[in-house]
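> Handing over coords31.csv, CSV, C-alpha atoms (C1' of nucleotides).
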```csv
chain,number,residue,atom,x,y,z
K,29,MET,CA,-37.8,-33.8,12.8
K,30,SER,CA,-38.6,-31.3,10.1
K,31,THR,CA,-38.9,-28.4,12.4
K,32,THR,CA,-39.5,-25.3,10.4
K,33,GLN,CA,-36.6,-23.0,10.9
K,34,PRO,CA,-37.1,-19.3,11.9
K,35,ALA,CA,-36.8,-18.0,8.3
K,36,ALA,CA,-35.7,-14.5,9.2
K,37,SER,CA,-36.7,-13.1,5.8
K,38,PRO,CA,-39.0,-14.8,3.3
K,39,ARG,CA,-37.9,-15.7,-0.1
K,40,ARG,CA,-34.3,-15.9,0.8
K,41,ARG,CA,-32.4,-19.1,1.4
K,42,ALA,CA,-30.4,-19.5,4.5
K,43,ALA,CA,-27.0,-17.8,4.4
K,44,PRO,CA,-24.6,-20.5,3.4
K,45,PRO,CA,-22.1,-21.2,6.2
K,46,ALA,CA,-19.4,-20.5,3.6
K,47,ALA,CA,-17.3,-23.4,5.0
K,48,ALA,CA,-14.3,-21.3,6.2
K,49,LEU,CA,-11.3,-22.5,4.3
K,50,ASP,CA,-8.0,-23.5,5.7
K,51,LEU,CA,-5.8,-20.4,6.2
K,52,SER,CA,-3.0,-22.2,8.1
K,53,PRO,CA,-0.5,-22.1,5.2
K,54,LEU,CA,-0.4,-18.3,5.4
K,55,ALA,CA,-0.7,-18.0,9.2
K,56,GLY,CA,3.0,-18.3,9.7
K,57,HIS,CA,3.9,-15.7,7.1
K,58,VAL,CA,4.7,-12.3,8.7
K,59,GLY,CA,4.0,-10.6,5.4
K,60,PHE,CA,0.4,-11.8,5.3
K,61,GLN,CA,-0.3,-11.0,8.9
K,62,LEU,CA,1.2,-7.5,8.4
K,63,ARG,CA,-1.1,-6.9,5.4
K,64,LEU,CA,-4.2,-7.9,7.3
K,65,ALA,CA,-3.2,-5.9,10.4
K,66,GLN,CA,-2.4,-2.8,8.5
K,67,GLN,CA,-5.7,-3.0,6.6
K,68,GLN,CA,-7.5,-3.1,10.0
K,69,VAL,CA,-5.7,0.0,11.3
K,70,PHE,CA,-6.0,1.8,8.0
K,71,ASP,CA,-9.7,1.2,7.7
K,72,ALA,CA,-10.3,2.3,11.3
K,73,PHE,CA,-8.4,5.4,10.6
K,74,HIS,CA,-10.5,6.3,7.6
K,75,ARG,CA,-13.7,5.4,9.3
K,76,GLY,CA,-12.9,7.7,12.2
K,77,PHE,CA,-11.1,10.6,10.6
K,78,SER,CA,-11.9,10.9,6.9
K,79,ALA,CA,-14.3,13.8,7.9
K,80,THR,CA,-11.3,15.8,9.2
K,81,GLY,CA,-9.4,15.5,5.9
K,82,ILE,CA,-6.6,13.8,7.7
K,83,THR,CA,-4.9,10.6,6.4
K,84,PRO,CA,-2.3,8.5,8.2
K,85,ALA,CA,0.4,10.2,6.1
K,86,ARG,CA,-0.8,13.7,7.0
K,87,TYR,CA,-1.0,12.9,10.6
K,88,ALA,CA,2.6,11.6,10.5
K,89,VAL,CA,3.7,15.0,9.1
K,90,LEU,CA,1.9,16.8,11.9
K,91,ALA,CA,3.6,14.6,14.5
K,92,LEU,CA,7.1,15.0,13.2
K,93,LEU,CA,6.8,18.8,12.6
K,94,HIS,CA,5.4,19.2,16.1
K,95,ALA,CA,8.6,17.6,17.5
K,96,ASN,CA,11.0,18.9,14.9
K,97,PRO,CA,10.2,22.5,14.0
K,98,ASP,CA,12.1,24.1,11.1
K,99,VAL,CA,13.1,20.8,9.5
K,100,GLN,CA,14.1,20.6,5.9
K,101,GLN,CA,11.5,19.1,3.5
K,102,GLY,CA,13.9,16.4,2.3
K,103,HIS,CA,14.8,15.4,5.8
K,104,LEU,CA,11.2,15.0,6.7
K,105,ALA,CA,10.6,12.9,3.6
K,106,GLU,CA,13.5,10.6,4.4
K,107,ALA,CA,12.3,10.1,8.0
K,108,LEU,CA,8.8,9.2,6.9
K,109,ARG,CA,10.1,6.9,4.0
K,110,VAL,CA,8.3,9.1,1.5
K,111,LYS,CA,9.9,10.0,-1.9
K,112,PRO,CA,10.5,13.7,-2.5
K,113,PRO,CA,7.9,13.9,-5.3
K,114,ASN,CA,5.2,12.5,-3.1
K,115,MET,CA,6.1,14.8,-0.2
K,116,VAL,CA,5.5,17.8,-2.5
K,117,ALA,CA,1.9,16.7,-3.0
K,118,LEU,CA,1.4,15.9,0.6
K,119,LEU,CA,2.7,19.4,1.7
K,120,ALA,CA,0.7,21.2,-1.0
K,121,GLU,CA,-2.5,19.8,0.5
K,122,MET,CA,-1.5,20.6,4.0
K,123,THR,CA,-0.4,24.1,3.3
K,124,ALA,CA,-3.7,24.7,1.4
K,125,GLN,CA,-5.4,23.4,4.6
K,126,GLY,CA,-3.5,26.0,6.6
K,127,LEU,CA,-1.8,23.4,8.7
K,128,VAL,CA,1.8,23.8,7.6
K,129,ASP,CA,4.0,26.8,7.0
K,130,ARG,CA,6.8,26.7,4.4
K,131,GLN,CA,9.6,29.3,4.2
K,132,VAL,CA,12.8,29.4,2.3
K,133,ASP,CA,15.9,28.5,4.3
K,134,ALA,CA,17.9,31.7,4.4
K,135,ALA,CA,21.1,29.8,4.8
K,136,ASN,CA,20.3,27.6,1.7
K,137,ARG,CA,17.8,29.1,-0.6
K,138,ARG,CA,17.2,25.8,-2.4
K,139,ALA,CA,15.6,24.3,0.7
K,140,TYR,CA,12.4,24.9,2.5
K,141,LEU,CA,12.0,24.8,6.3
K,142,LEU,CA,8.7,23.5,7.6
K,143,ARG,CA,6.7,24.2,10.7
K,144,LEU,CA,3.2,23.8,12.0
K,145,THR,CA,0.8,26.8,11.9
K,146,PRO,CA,-1.1,27.4,15.1
K,147,ALA,CA,-4.0,25.6,13.4
K,148,GLY,CA,-1.8,22.6,12.6
K,149,ARG,CA,-0.5,22.5,16.2
K,150,ALA,CA,-4.1,22.6,17.5
K,151,LEU,CA,-5.3,19.9,15.2
K,152,TYR,CA,-2.3,17.7,16.1
K,153,GLU,CA,-3.0,18.1,19.8
K,154,LYS,CA,-6.8,17.4,19.3
K,155,LEU,CA,-6.2,14.3,17.1
K,156,THR,CA,-3.5,12.6,19.0
K,157,PRO,CA,-5.6,11.2,21.9
K,158,GLU,CA,-8.4,10.3,19.5
K,159,ILE,CA,-6.0,8.4,17.2
K,160,LEU,CA,-4.4,6.6,20.1
K,161,ALA,CA,-7.8,5.6,21.3
K,162,MET,CA,-8.7,4.3,17.9
K,163,GLU,CA,-5.6,2.2,17.7
K,164,GLN,CA,-6.2,0.7,21.1
K,165,GLN,CA,-9.8,-0.1,20.0
K,166,VAL,CA,-8.4,-2.0,17.0
K,167,ALA,CA,-6.1,-3.8,19.4
K,168,HIS,CA,-8.8,-4.5,21.9
K,169,ARG,CA,-7.9,-8.2,22.0
K,170,LEU,CA,-4.4,-7.3,23.3
K,171,THR,CA,-3.5,-6.4,26.8
K,172,PRO,CA,-1.5,-3.2,27.3
K,173,ALA,CA,1.6,-5.3,27.9
K,174,GLN,CA,1.0,-7.2,24.6
K,175,TYR,CA,0.4,-4.0,22.8
K,176,ALA,CA,3.7,-2.6,24.0
K,177,THR,CA,5.5,-5.9,23.0
K,178,LEU,CA,3.9,-5.7,19.5
K,179,ILE,CA,5.2,-2.2,19.0
K,180,ARG,CA,8.7,-3.1,20.2
K,181,LEU,CA,8.9,-6.2,17.9
K,182,LEU,CA,7.6,-4.3,14.9
K,183,ALA,CA,10.2,-1.6,15.4
K,184,LYS,CA,12.9,-4.3,15.2
K,185,LEU,CA,11.8,-5.2,11.7
K,186,SER,CA,12.5,-1.7,10.3
K,187,PRO,CA,16.1,-0.5,9.9
K,188,ALA,CA,17.5,1.3,12.9
O,19,MET,CA,52.4,18.2,8.3
O,20,SER,CA,48.9,18.2,6.9
O,21,THR,CA,48.7,14.6,5.9
O,22,THR,CA,46.4,14.4,2.9
O,23,GLN,CA,43.3,12.5,3.9
O,24,PRO,CA,42.2,9.5,1.8
O,25,ALA,CA,39.6,11.6,-0.1
O,26,ALA,CA,37.6,8.7,-1.5
O,27,SER,CA,36.4,10.9,-4.3
O,28,PRO,CA,37.7,14.3,-5.1
O,29,ARG,CA,35.5,17.3,-5.4
O,30,ARG,CA,32.8,16.1,-3.0
O,31,ARG,CA,32.3,17.3,0.5
O,32,ALA,CA,31.8,14.9,3.4
O,33,ALA,CA,28.4,13.4,3.5
O,34,PRO,CA,26.3,15.5,5.9
O,35,PRO,CA,25.3,13.6,9.1
O,36,ALA,CA,21.7,14.6,8.3
O,37,ALA,CA,21.0,15.1,12.0
O,38,ALA,CA,18.4,12.4,12.5
O,39,LEU,CA,15.2,13.9,13.6
O,40,ASP,CA,13.0,13.0,16.6
O,41,LEU,CA,10.7,10.1,15.6
O,42,SER,CA,9.4,9.5,19.1
O,43,PRO,CA,5.9,11.0,18.5
O,44,LEU,CA,5.2,8.2,16.0
O,45,ALA,CA,7.1,5.4,17.8
O,46,GLY,CA,4.0,4.5,19.9
O,47,HIS,CA,1.6,4.4,16.9
O,48,VAL,CA,1.0,0.9,15.7
O,49,GLY,CA,-0.2,2.1,12.4
O,50,PHE,CA,3.2,3.8,11.6
O,51,GLN,CA,5.2,0.8,12.7
O,52,LEU,CA,3.0,-1.5,10.7
O,53,ARG,CA,3.6,0.6,7.6
O,54,LEU,CA,7.3,0.6,8.0
O,55,ALA,CA,7.4,-3.1,8.7
O,56,GLN,CA,5.3,-4.1,5.8
O,57,GLN,CA,7.4,-1.9,3.5
O,58,GLN,CA,10.4,-3.9,4.6
O,59,VAL,CA,8.8,-7.3,3.9
O,60,PHE,CA,7.3,-6.1,0.7
O,61,ASP,CA,10.6,-4.7,-0.6
O,62,ALA,CA,12.4,-7.9,0.3
O,63,PHE,CA,9.8,-10.0,-1.4
O,64,HIS,CA,10.1,-8.0,-4.7
O,65,ARG,CA,13.9,-8.0,-4.5
O,66,GLY,CA,14.0,-11.8,-4.1
O,67,PHE,CA,11.1,-13.0,-6.3
O,68,SER,CA,10.2,-10.4,-8.9
O,69,ALA,CA,12.2,-12.5,-11.4
O,70,THR,CA,9.7,-15.4,-10.9
O,71,GLY,CA,6.7,-13.2,-11.7
O,72,ILE,CA,5.3,-14.0,-8.2
O,73,THR,CA,3.9,-11.2,-6.0
O,74,PRO,CA,2.8,-11.6,-2.4
O,75,ALA,CA,-0.9,-11.7,-3.6
O,76,ARG,CA,-0.1,-14.5,-6.1
O,77,TYR,CA,1.8,-16.5,-3.5
O,78,ALA,CA,-1.2,-16.2,-1.2
O,79,VAL,CA,-3.4,-17.7,-3.9
O,80,LEU,CA,-0.9,-20.6,-4.4
O,81,ALA,CA,-0.9,-21.3,-0.7
O,82,LEU,CA,-4.6,-21.3,-0.2
O,83,LEU,CA,-5.3,-23.4,-3.3
O,84,HIS,CA,-2.7,-25.9,-2.2
O,85,ALA,CA,-4.5,-26.4,1.1
O,86,ASN,CA,-8.1,-25.9,-0.3
O,87,PRO,CA,-8.5,-27.5,-3.7
O,88,ASP,CA,-11.7,-27.0,-5.6
O,89,VAL,CA,-12.6,-23.8,-3.7
O,90,GLN,CA,-15.0,-21.3,-5.2
O,91,GLN,CA,-13.5,-18.1,-6.6
O,92,GLY,CA,-15.6,-15.9,-4.4
O,93,HIS,CA,-14.7,-17.8,-1.2
O,94,LEU,CA,-11.0,-17.5,-2.1
O,95,ALA,CA,-11.4,-13.8,-2.6
O,96,GLU,CA,-13.2,-13.4,0.8
O,97,ALA,CA,-10.5,-15.4,2.6
O,98,LEU,CA,-7.7,-13.2,1.2
O,99,ARG,CA,-9.7,-10.0,1.7
O,100,VAL,CA,-9.6,-9.2,-2.0
O,101,LYS,CA,-12.6,-7.8,-3.8
O,102,PRO,CA,-14.1,-10.0,-6.6
O,103,PRO,CA,-13.1,-7.7,-9.4
O,104,ASN,CA,-9.4,-7.7,-8.3
O,105,MET,CA,-9.5,-11.5,-7.9
O,106,VAL,CA,-10.5,-11.8,-11.6
O,107,ALA,CA,-7.4,-10.0,-12.7
O,108,LEU,CA,-5.2,-12.0,-10.3
O,109,LEU,CA,-6.5,-15.3,-11.6
O,110,ALA,CA,-6.3,-14.2,-15.2
O,111,GLU,CA,-2.6,-13.7,-14.8
O,112,MET,CA,-2.1,-16.9,-12.9
O,113,THR,CA,-4.1,-19.1,-15.4
O,114,ALA,CA,-2.1,-17.4,-18.2
O,115,GLN,CA,1.0,-18.5,-16.4
O,116,GLY,CA,-0.3,-22.0,-16.2
O,117,LEU,CA,-0.4,-22.1,-12.4
O,118,VAL,CA,-4.1,-22.3,-11.7
O,119,ASP,CA,-6.9,-24.3,-13.3
O,120,ARG,CA,-10.5,-23.0,-13.4
O,121,GLN,CA,-13.5,-25.1,-14.2
O,122,VAL,CA,-17.2,-24.5,-14.0
O,123,ASP,CA,-18.8,-25.9,-10.9
O,124,ALA,CA,-21.2,-28.6,-12.3
O,125,ALA,CA,-23.5,-28.1,-9.3
O,126,ASN,CA,-23.7,-24.3,-9.8
O,127,ARG,CA,-22.7,-23.2,-13.3
O,128,ARG,CA,-22.3,-19.6,-12.3
O,129,ALA,CA,-19.3,-20.5,-10.1
O,130,TYR,CA,-15.8,-21.5,-10.9
O,131,LEU,CA,-13.8,-24.1,-8.9
O,132,LEU,CA,-10.1,-23.4,-8.6
O,133,ARG,CA,-7.2,-25.7,-8.1
O,134,LEU,CA,-3.4,-25.7,-8.7
O,135,THR,CA,-2.0,-27.2,-11.9
O,136,PRO,CA,1.0,-29.5,-11.4
O,137,ALA,CA,3.2,-26.5,-12.3
O,138,GLY,CA,1.4,-24.4,-9.7
O,139,ARG,CA,1.9,-27.0,-7.0
O,140,ALA,CA,5.6,-27.4,-7.9
O,141,LEU,CA,6.1,-23.6,-7.8
O,142,TYR,CA,4.4,-23.4,-4.4
O,143,GLU,CA,6.6,-26.1,-3.0
O,144,LYS,CA,9.7,-24.6,-4.4
O,145,LEU,CA,8.9,-21.0,-3.3
O,146,THR,CA,7.7,-21.7,0.3
O,147,PRO,CA,11.0,-22.4,1.9
O,148,GLU,CA,12.6,-19.5,0.0
O,149,ILE,CA,10.0,-17.1,1.2
O,150,LEU,CA,10.1,-18.3,4.8
O,151,ALA,CA,13.9,-17.8,4.7
O,152,MET,CA,13.5,-14.3,3.2
O,153,GLU,CA,11.0,-13.4,6.0
O,154,GLN,CA,13.4,-14.6,8.7
O,155,GLN,CA,16.1,-12.6,7.0
O,156,VAL,CA,14.0,-9.5,7.3
O,157,ALA,CA,13.4,-10.4,11.0
O,158,HIS,CA,17.0,-11.2,11.7
O,159,ARG,CA,17.0,-9.0,14.7
O,160,LEU,CA,14.3,-11.1,16.3
O,161,THR,CA,14.9,-14.4,18.1
O,162,PRO,CA,12.7,-17.3,16.9
O,163,ALA,CA,10.6,-16.9,20.1
O,164,GLN,CA,10.1,-13.2,19.4
O,165,TYR,CA,9.2,-14.0,15.8
O,166,ALA,CA,6.5,-16.4,16.9
O,167,THR,CA,5.2,-13.8,19.4
O,168,LEU,CA,5.0,-11.2,16.7
O,169,ILE,CA,3.0,-13.5,14.4
O,170,ARG,CA,0.7,-14.4,17.3
O,171,LEU,CA,0.1,-10.7,18.3
O,172,LEU,CA,-0.4,-9.6,14.7
O,173,ALA,CA,-3.1,-12.3,14.2
O,174,LYS,CA,-5.0,-10.8,17.2
O,175,LEU,CA,-5.4,-7.5,15.4
O,176,SER,CA,-7.3,-9.1,12.5
O,177,PRO,CA,-10.8,-10.3,12.9
O,178,ALA,CA,-11.0,-14.0,13.8
A,19,DT,C1',35.8,34.8,-11.7
A,20,DT,C1',34.1,31.3,-14.3
A,21,DT,C1',33.1,26.5,-14.8
A,22,DC,C1',31.3,22.3,-13.3
A,23,DC,C1',28.9,19.2,-10.5
A,24,DA,C1',26.1,18.2,-6.4
A,25,DT,C1',21.9,19.3,-3.9
A,26,DC,C1',16.9,20.5,-3.3
A,27,DA,C1',12.5,20.8,-4.8
A,28,DT,C1',9.4,20.2,-8.5
A,29,DT,C1',6.8,18.4,-12.7
A,30,DA,C1',5.4,14.7,-15.4
A,31,DT,C1',4.4,10.1,-15.6
A,32,DG,C1',3.5,5.1,-14.7
A,33,DG,C1',2.6,0.8,-12.0
A,34,DA,C1',0.5,-1.7,-8.3
A,35,DG,C1',-3.3,-2.3,-5.0
A,36,DT,C1',-7.8,-1.4,-3.8
A,37,DA,C1',-12.5,0.4,-4.2
A,38,DT,C1',-17.5,1.0,-6.3
A,39,DA,C1',-21.2,0.7,-10.0
A,40,DA,C1',-23.3,-1.7,-13.6
A,41,DC,C1',-23.9,-5.8,-16.4
A,42,DG,C1',-24.7,-10.7,-18.2
A,43,DA,C1',-25.4,-15.4,-16.9
A,44,DT,C1',-27.4,-18.6,-13.8
A,45,DT,C1',-30.2,-20.3,-9.9
A,46,DG,C1',-34.1,-21.3,-7.3
A,47,DG,C1',-38.3,-19.8,-4.7
A,48,DC,C1',-42.9,-18.4,-5.6
X,27,DG,C1',-43.0,-18.3,-15.9
X,28,DC,C1',-41.6,-14.5,-13.0
X,29,DC,C1',-38.4,-12.4,-10.2
X,30,DA,C1',-34.9,-11.6,-6.9
X,31,DA,C1',-30.5,-13.2,-5.4
X,32,DT,C1',-25.9,-15.1,-6.5
X,33,DC,C1',-21.5,-15.4,-9.2
X,34,DG,C1',-18.3,-13.6,-12.0
X,35,DT,C1',-17.0,-9.9,-15.1
X,36,DT,C1',-16.1,-5.2,-17.2
X,37,DA,C1',-15.3,-0.5,-16.7
X,38,DT,C1',-13.6,2.9,-13.9
X,39,DA,C1',-11.3,5.7,-10.4
X,40,DC,C1',-8.6,6.7,-6.4
X,41,DT,C1',-4.6,6.3,-3.4
X,42,DC,C1',0.1,5.1,-2.7
X,43,DC,C1',4.6,4.6,-4.2
X,44,DA,C1',8.2,4.8,-7.7
X,45,DT,C1',11.5,6.8,-11.5
X,46,DA,C1',13.1,10.3,-15.0
X,47,DA,C1',13.8,14.9,-16.3
X,48,DT,C1',14.0,19.9,-15.2
X,49,DG,C1',15.0,24.4,-12.9
X,50,DA,C1',17.1,26.9,-9.2
X,51,DT,C1',20.8,27.2,-6.0
X,52,DG,C1',25.3,26.3,-3.8
X,53,DG,C1',30.1,25.4,-3.6
X,54,DA,C1',34.6,23.8,-4.9
X,55,DA,C1',38.1,23.9,-8.2
X,56,DA,C1',40.4,25.7,-12.4
```
Turn this file's structure into structure tokens for me.


Amino acid sequence: MSTTQPAASPRRRAAPPAAALDLSPLAGHVGFQLRLAQQQVFDAFHRGFSATGITPARYAVLALLHANPDVQQGHLAEALRVKPPNMVALLAEMTAQGLVDRQVDAANRRAYLLRLTPAGRALYEKLTPEILAMEQQVAHRLTPAQYATLIRLLAKLSPA
Amino acid sequence: MSTTQPAASPRRRAAPPAAALDLSPLAGHVGFQLRLAQQQVFDAFHRGFSATGITPARYAVLALLHANPDVQQGHLAEALRVKPPNMVALLAEMTAQGLVDRQVDAANRRAYLLRLTPAGRALYEKLTPEILAMEQQVAHRLTPAQYATLIRLLAKLSPA
DNA sequence: TTTCCATCATTATGGAGTATAACGATTGGC
DNA sequence: GCCAATCGTTATACTCCATAATGATGGAAA
């Protein structure tokens, strides 16, 4: 006995195994699993794209404006489940970045119609494959079929 | 001859159909679906339990302390993916509520060992079936088998 | 036409969750 | 005894999400 262990670095005790605690009471709660999963995706997003100045919320704006040009600001906010005051700040940043163009709706001068600038469209088309690849990296333990199932089941939790 | 319509409230035009916009570019992104799903569960939690002073994070503490009595504060924080400074605030509230008991670890007087008080244990046992019922209400569009599949796939997104 | 209310966006503000840096107290190897 | 690592704490800041109040515009009714 008494074999001297490798002692990777001197003057430091062995890292305690930390005796992983029992997580089973939370394992069956969808709320807890959702929080952990979203933290994973969110962290990966920021690790990969913070240099571009793009956040998940801003990418969602790019995606919806790409598919829905000339949409009203309030309708976009409703679709993304963002309150109007927060949409104001989001769009102020994106117009300052030159990604989004706002113009008064001639038929209703209270409203703004939104569309992507050419720079916004180019950024969306450049980012989309990278973001999809990042998400599949986070889900690397799922088969493509399992990934599709996950997306489909998650969609059933949100209102139609 | 021009039958007067019900006109639920006078002086108000019909609610505009709002022309739902195309969400398909985001439908395949797991990050977006996770955000919407978590918002659903989080909102339901607060609607149902805000009166009890219990938040999702506090319930998670109750659950882990119930299954892991006398765990170190730092180990609990690590298991819940909460940073130590935030765990301090969380436990300060719960000890003030009389739900958690903290005592110095005699074998390591820097550390605190945590356990539920009888009131904490009683609250955990009372809340658990109510919270599980609330989560299944949020997931009412999923069969039990689909719900189990969702939990299992979500768990695969988080590190083991 | 004038009046009144609804709509749309904005400003101001606050709460909750999460992050880092710095600090005091304690521990244990040298 | 010295010194670095550990454990918890304080101070602080940033992001996300929410409500209330305001200004501008639109539209229907008096």

> Could I get chain O fitted onto chain K (least squares, all C-alpha atoms, in order) as a short mmCIF file (atom, residue, chain, number, x, y, z; two decimals) with C-alpha atoms, in the frame of the given file?


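File selection_19.cif, as written:
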```cif
data_model
loop_
_atom_site.label_atom_id
_atom_site.label_comp_id
_atom_site.auth_asym_id
_atom_site.auth_seq_id
_atom_site.Cartn_x
_atom_site.Cartn_y
_atom_site.Cartn_z
CA MET O 19 -45.98 -30.49 13.83
CA SER O 20 -43.53 -28.73 11.57
CA THR O 21 -43.20 -25.54 13.49
CA THR O 22 -42.48 -22.79 10.98
CA GLN O 23 -38.99 -21.50 11.59
CA PRO O 24 -38.46 -17.75 12.09
CA ALA O 25 -37.38 -17.27 8.43
CA ALA O 26 -35.76 -13.87 8.87
CA SER O 27 -36.33 -13.14 5.23
CA PRO O 28 -38.40 -15.19 2.90
CA ARG O 29 -37.11 -16.53 -0.33
CA ARG O 30 -33.46 -16.78 0.73
CA ARG O 31 -31.66 -19.92 1.62
CA ALA O 32 -29.52 -20.20 4.74
CA ALA O 33 -26.24 -18.49 4.43
CA PRO O 34 -23.67 -21.12 3.39
CA PRO O 35 -21.04 -21.84 6.12
CA ALA O 36 -18.41 -21.15 3.44
CA ALA O 37 -16.22 -23.91 4.86
CA ALA O 38 -13.26 -21.84 5.96
CA LEU O 39 -10.21 -22.91 4.16
CA ASP O 40 -6.78 -23.90 5.55
CA LEU O 41 -4.72 -20.71 6.09
CA SER O 42 -1.91 -22.45 7.93
CA PRO O 43 0.64 -22.27 5.04
CA LEU O 44 0.61 -18.46 5.35
CA ALA O 45 0.22 -18.24 9.15
CA GLY O 46 4.03 -18.40 9.66
CA HIS O 47 4.81 -15.70 7.04
CA VAL O 48 5.40 -12.34 8.61
CA GLY O 49 4.77 -10.59 5.40
CA PHE O 50 1.14 -11.95 5.18
CA GLN O 51 0.38 -11.13 8.78
CA LEU O 52 1.81 -7.67 8.37
CA ARG O 53 -0.46 -7.07 5.39
CA LEU O 54 -3.53 -8.18 7.18
CA ALA O 55 -2.68 -6.18 10.25
CA GLN O 56 -1.96 -3.00 8.45
CA GLN O 57 -5.21 -3.36 6.48
CA GLN O 58 -7.01 -3.44 9.79
CA VAL O 59 -5.35 -0.28 11.15
CA PHE O 60 -5.66 1.47 7.87
CA ASP O 61 -9.38 0.68 7.54
CA ALA O 62 -10.02 1.83 11.08
CA PHE O 63 -8.14 5.03 10.53
CA HIS O 64 -10.22 5.90 7.38
CA ARG O 65 -13.47 4.91 9.10
CA GLY O 66 -12.73 7.19 12.07
CA PHE O 67 -10.97 10.19 10.48
CA SER O 68 -11.78 10.44 6.79
CA ALA O 69 -14.30 13.16 7.73
CA THR O 70 -11.39 15.35 9.02
CA GLY O 71 -9.49 15.09 5.74
CA ILE O 72 -6.56 13.50 7.68
CA THR O 73 -4.81 10.38 6.32
CA PRO O 74 -2.17 8.38 8.16
CA ALA O 75 0.56 10.12 5.99
CA ARG O 76 -0.79 13.59 6.93
CA TYR O 77 -0.96 12.71 10.61
CA ALA O 78 2.66 11.57 10.42
CA VAL O 79 3.63 14.97 9.05
CA LEU O 80 1.70 16.73 11.89
CA ALA O 81 3.48 14.63 14.46
CA LEU O 82 6.95 15.11 13.18
CA LEU O 83 6.53 18.86 12.65
CA HIS O 84 5.16 19.21 16.15
CA ALA O 85 8.30 17.65 17.59
CA ASN O 86 10.76 19.10 14.93
CA PRO O 87 9.86 22.65 14.00
CA ASP O 88 11.73 24.35 11.23
CA VAL O 89 12.83 21.05 9.63
CA GLN O 90 13.85 20.93 5.99
CA GLN O 91 11.36 19.40 3.56
CA GLY O 92 13.82 16.84 2.34
CA HIS O 93 14.78 15.69 5.86
CA LEU O 94 11.08 15.29 6.71
CA ALA O 95 10.58 13.21 3.62
CA GLU O 96 13.62 10.97 4.48
CA ALA O 97 12.39 10.47 8.05
CA LEU O 98 8.93 9.32 6.88
CA ARG O 99 10.37 7.24 4.03
CA VAL O 100 8.49 9.26 1.44
CA LYS O 101 10.09 10.23 -1.84
CA PRO O 102 10.52 14.02 -2.47
CA PRO O 103 8.01 14.18 -5.25
CA ASN O 104 5.25 12.59 -3.08
CA MET O 105 6.16 14.91 -0.18
CA VAL O 106 5.43 17.92 -2.46
CA ALA O 107 1.91 16.77 -3.05
CA LEU O 108 1.39 15.96 0.64
CA LEU O 109 2.51 19.41 1.72
CA ALA O 110 0.54 21.13 -0.99
CA GLU O 111 -2.62 19.68 0.44
CA MET O 112 -1.67 20.42 3.99
CA THR O 113 -0.66 24.11 3.32
CA ALA O 114 -3.95 24.45 1.38
CA GLN O 115 -5.69 23.25 4.48
CA GLY O 116 -3.86 25.78 6.54
CA LEU O 117 -2.06 23.22 8.70
CA VAL O 118 1.54 23.70 7.67
CA ASP O 119 3.62 26.81 7.02
CA ARG O 120 6.52 26.80 4.52
CA GLN O 121 9.15 29.46 4.30
CA VAL O 122 12.39 29.74 2.42
CA ASP O 123 15.41 28.89 4.48
CA ALA O 124 17.35 32.24 4.61
CA ALA O 125 20.63 30.33 4.96
CA ASN O 126 19.94 28.14 1.89
CA ARG O 127 17.31 29.61 -0.43
CA ARG O 128 16.80 26.37 -2.27
CA ALA O 129 15.30 24.77 0.87
CA TYR O 130 12.04 25.23 2.61
CA LEU O 131 11.61 25.15 6.43
CA LEU O 132 8.38 23.63 7.66
CA ARG O 133 6.44 24.20 10.80
CA LEU O 134 2.84 23.76 12.07
CA THR O 135 0.43 26.70 11.94
CA PRO O 136 -1.59 27.25 15.13
CA ALA O 137 -4.43 25.34 13.41
CA GLY O 138 -2.05 22.50 12.61
CA ARG O 139 -0.84 22.27 16.19
CA ALA O 140 -4.42 22.34 17.53
CA LEU O 141 -5.46 19.57 15.09
CA TYR O 142 -2.48 17.45 16.13
CA GLU O 143 -3.33 17.81 19.77
CA LYS O 144 -6.93 17.07 19.22
CA LEU O 145 -6.34 14.04 16.93
CA THR O 146 -3.56 12.27 18.94
CA PRO O 147 -5.63 10.89 21.73
CA GLU O 148 -8.37 9.88 19.27
CA ILE O 149 -5.96 8.00 17.13
CA LEU O 150 -4.23 6.28 20.05
CA ALA O 151 -7.70 5.16 21.24
CA MET O 152 -8.61 3.91 17.73
CA GLU O 153 -5.31 1.91 17.60
CA GLN O 154 -6.01 0.30 20.98
CA GLN O 155 -9.48 -0.48 19.74
CA VAL O 156 -8.02 -2.33 16.81
CA ALA O 157 -5.69 -4.16 19.27
CA HIS O 158 -8.40 -4.91 21.76
CA ARG O 159 -7.43 -8.50 21.87
CA LEU O 160 -3.99 -7.58 23.12
CA THR O 161 -3.16 -6.73 26.73
CA PRO O 162 -1.27 -3.43 27.20
CA ALA O 163 1.94 -5.46 27.82
CA GLN O 164 1.44 -7.38 24.58
CA TYR O 165 0.75 -4.12 22.76
CA ALA O 166 4.02 -2.65 23.94
CA THR O 167 5.84 -5.87 22.94
CA LEU O 168 4.37 -5.71 19.49
CA ILE O 169 5.49 -2.09 19.00
CA ARG O 170 8.96 -2.98 20.29
CA LEU O 171 9.31 -6.06 17.96
CA LEU O 172 7.95 -4.19 14.95
CA ALA O 173 10.55 -1.40 15.46
CA LYS O 174 13.31 -4.08 15.26
CA LEU O 175 12.30 -4.98 11.73
CA SER O 176 12.94 -1.44 10.45
CA PRO O 177 16.40 -0.12 10.05
CA ALA O 178 17.60 1.81 13.11
#
```

> Between K:Ala150, K:Ala176, K:Ala135, K:Ala161, which has the minimum distance to chain X (counting all atoms listed in the file)?

K:Ala135

> What's the separation between atom CA of His47 of chain O and atom CA of Glu96 of chain O, in Å to one decimal place?

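Distance reported for this atom pair: 28.2 Å.
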